[in-house]
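> I have a structure I would like to understand better, so I am pasting it below and will then ask my questions one at a time.
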2 protein chains.
Amino acid sequence: MSSSVDQVRSFNRIVTLRVGALDDSYLGRGRPLGQARLLSEIARDGGDMRLLRERLGLDSGYFSRLVQSLRKQGLITLKQHAGDRRRRDIALTQQGQAEHAAYEQLSDELAVSMIEPLNPSQQERLLAAMAEVESLLTAAAVTIGCERIGGDAAKFCLTQYFRELAERFEGGFDAARAQAEKDNSMAPPTGCFLVVRLFGRPIGCGGLRSLASGTGEIKRMWVAPEARGLGVARRLLAALEDKAVDLGMHAVRLDTNRALAQAQSLYRKAGYHAIERFNDNPYADFWFEKRLGGDPGQLPGKSSPISR
Amino acid sequence: MSSSVDQVRSFNRIVTLRVGALDDSYLGRGRPLGQARLLSEIARDGGDMRLLRERLGLDSGYFSRLVQSLRKQGLITLKQHAGDRRRRDIALTQQGQAEHAAYEQLSDELAVSMIEPLNPSQQERLLAAMAEVESLLTAAAVTIGCERIGGDAAKFCLTQYFRELAERFEGGFDAARAQAEKDNSMAPPTGCFLVVRLFGRPIGCGGLRSLASGTGEIKRMWVAPEARGLGVARRLLAALEDKAVDLGMHAVRLDTNRALAQAQSLYRKAGYHAIERFNDNPYADFWFEKRLGGDPGQLPGKSSPISR
DNA sequence: AACATTACCTGACTAAAGTCAGCTAATGAG
DNA sequence: CTCATTAGCTGACTTTAGTCAGGTAATGTT
């Protein structure tokens, strides 16, 4: 373990040394870092002040002044938001776009300088290793927590989930037919609704509700397309099972549609086995169950190594 | 190419996001970042103020105050340097060591949090990829430049080089017998002495001097043990050959001792072939030569892809 | 209609980080 | 011995980054 920590720390050291150079090169344009960062954030996906302030996590007064300084430099314009005259939309001026392009250029140059001295085969190895680190660090940054099913994040996830089902199911999907009224049962004290977040953004969800006789049902399991391939679904499923154990359930069931082949293979790998139809979900083609607490050495509520 | 840059930039983004969290956790100890960083640097390898100031690249006044603030907190002591009473040696007090250990703990915790959520096989992959990125980024950070052979860096490298030869040669090595008087010829305008640096520290060297009739001789090629395996020697050799081309040479020669097997294989891979003894170096067992400018499409002075 | 909340702005303040000029004491070079 | 240089210290100053307490206009809630 100690050698793992050493490896990570030595990686951190070298990477901050190299990547930290970006701040210096940004400062080279004679503008404080805060302004430069704000400019980049505006260029990335504009929007109104409130959104940006939230994303950057800045104090309202401080943020206001930062924006004003960019405006005085002629890099951005502020317009009243259509519909809500309190809000102000931010947009880059032509000069602002040019300035942003200059910062992009600096970032590109740093990136080039990091790979350029290497020969082609080394470059290839470096890029592959970077992709691997990136994907695994992203996976490790994922958090899973219980949230209100009526909350913004949960609603966002469910909307995306339903939209995807409508696309993928052969006969489409109608949320109303899917017994959506039962969703409220996915809440404490007899169930829960887990939201997966990556850097604060919701990227997945899954609900657990109580059936009769100590059995749980897992529903609404979804992972955003851009977050797939990171092992998120596996961890989410394990987290739901942990919750089920916490709630004293001795088994969990779920159903799935034939269009969702990867889901089926995930369930089988996680130890689920096919059972008879246990509900009247019109969209279900397969039904699975997994007995919980089979490992007597495992304390309830303690995460399994795979889930955390 | 553009996709390489994108990959590097996306890597940079994710890594700064994760590793940048270290600053926040350092601030959690109620001490400004500057002080925390200085403390870590002192703990790493102490030394006197001048050395540290240079390494951190800080203004003398600012640095002095930083040091005083740590002293007032009882974390370090200052003593007159033995021999030069202007200098002051810095040492951690017991309290300083404890405080440093606390910061180390924070770094360790960050490292653990970066790998802990992953399952064992993912952890293994992440650590391997980190090691790969680290080694290749280090390799890419290497710089090669012409320096005075009498300079500090050159002297340091040559000392290390001679020490290593003395260890590895069967009959030892005596620098005086090695025609060291010819070293001065490894300088402009008829030769050069290249120093390889990694983050400013000299980690290798190699000299080129002019023999009769447009032929160059490569001598004193050395790479520090801790920098081996990064392809430094290959790049250094290519850089020396570039220099030779710049100086109008049409071939370079070199000799080597039988104890240096890796050197021989490097030379062969780089296109050198064995020739008859061309000098009276008592330590030489093999002699090599490579014809230059064989590639007519290559402009003189332009680096080959392998060398930069 | 009354009241609370939200979005943005302003003024007053602070700490961190750093720059610059000049000072003293010790050391090194000629 | 003289003079320049070096190592460290001090005072005065600036910029950046931020906090906090209010203020105003628009919007939502009851």
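So you can find residues: chains in the structure tokens are A, B, ... in the order shown, residues in each start at 1, and ligands are numbered from 1 in order.
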Find the residues of chain B in contact range of chain D, meaning any atom within 8 Å when counting only C-alpha atoms (C1' of nucleotides), and list them as a list of chain:residue names.

B:Arg50, B:Ser60, B:Gly61, B:Ser64, B:Arg86, B:Arg87

> Taking only C-alpha atoms (C1' of nucleotides) into account, find every residue of chain B that has an atom no more than 12 Å from chain C, and write it out as a list of chain:residue names.

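Result, ordered by chain then number: B:Leu27, B:Arg31, B:Pro32, B:Leu33, B:Gly34, B:Gln35, B:Gly57, B:Leu58, B:Asp59, B:Ser60, B:Gly61, B:Tyr62, B:Phe63, B:Arg65, B:Leu66, B:Gln80, B:His81, B:Gly83, B:Asp84, B:Arg85, B:Arg86, B:Arg87.
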
> Could you list the residues in chain B lying within 6 Å of chain A, using only C-alpha atoms, and format the result as a ChimeraX atom specification?

/B:5,8,11,111,117-119,126,129,133-134,140,306,308

> Among region 45-93 of chain A, which residues carry a DSSP assignment of strand (DSSP E or B), reported as a list in words?

Asp48, Ile76, Thr77, Leu78, Lys79, Gln80, Arg88, Asp89, Ile90, Ala91 and Leu92 of chain A

> For those residues, write N, CA, C and O atoms to a file as a compact mmCIF listing (two decimals), in the first residue's frame.


# COMPACT_ATOMS: atom_id res chain seq x y z
N ASP A 48 -25.60 32.76 -18.17
CA ASP A 48 -25.74 33.99 -17.40
C ASP A 48 -24.80 33.98 -16.20
O ASP A 48 -24.14 32.99 -15.90
N ILE A 76 -16.06 41.31 -22.99
CA ILE A 76 -17.40 40.70 -22.91
C ILE A 76 -18.47 41.79 -22.93
O ILE A 76 -18.18 42.96 -22.67
N THR A 77 -19.68 41.39 -23.25
CA THR A 77 -20.83 42.29 -23.14
C THR A 77 -21.87 41.64 -22.25
O THR A 77 -21.97 40.42 -22.18
N LEU A 78 -22.64 42.49 -21.55
CA LEU A 78 -23.70 42.00 -20.68
C LEU A 78 -25.03 42.46 -21.24
O LEU A 78 -25.20 43.64 -21.58
N LYS A 79 -25.96 41.51 -21.35
CA LYS A 79 -27.29 41.85 -21.83
C LYS A 79 -28.31 41.34 -20.84
O LYS A 79 -28.09 40.33 -20.19
N GLN A 80 -29.45 42.04 -20.76
CA GLN A 80 -30.54 41.55 -19.92
C GLN A 80 -30.99 40.19 -20.44
O GLN A 80 -31.12 39.97 -21.64
N ARG A 88 -28.37 38.62 -16.10
CA ARG A 88 -27.61 39.21 -17.20
C ARG A 88 -26.84 38.11 -17.92
O ARG A 88 -26.10 37.35 -17.32
N ASP A 89 -27.05 38.07 -19.22
CA ASP A 89 -26.33 37.09 -20.04
C ASP A 89 -24.97 37.66 -20.42
O ASP A 89 -24.84 38.84 -20.73
N ILE A 90 -23.99 36.81 -20.40
CA ILE A 90 -22.64 37.21 -20.75
C ILE A 90 -22.29 36.67 -22.12
O ILE A 90 -22.56 35.51 -22.42
N ALA A 91 -21.70 37.50 -22.95
CA ALA A 91 -21.24 37.02 -24.25
C ALA A 91 -19.88 37.63 -24.55
O ALA A 91 -19.59 38.76 -24.17
N LEU A 92 -19.06 36.86 -25.24
CA LEU A 92 -17.74 37.36 -25.63
C LEU A 92 -17.89 38.34 -26.78
O LEU A 92 -18.68 38.12 -27.71

> Give me, as a PyMOL selection string, the residues of region 27-211 of chain B that a backbone DSSP run labels alpha helix (DSSP H).

chain B and resi 27+33-45+49-56+60-72+94-115+120-140+152-168

> Pick from A:Phe278, A:Phe169, A:Trp222, A:Phe193: nearest to Leu208 (chain A), with only C-alpha atoms counted?

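Using only C-alpha atoms, Leu208 (chain A) sits closest to A:Phe193.
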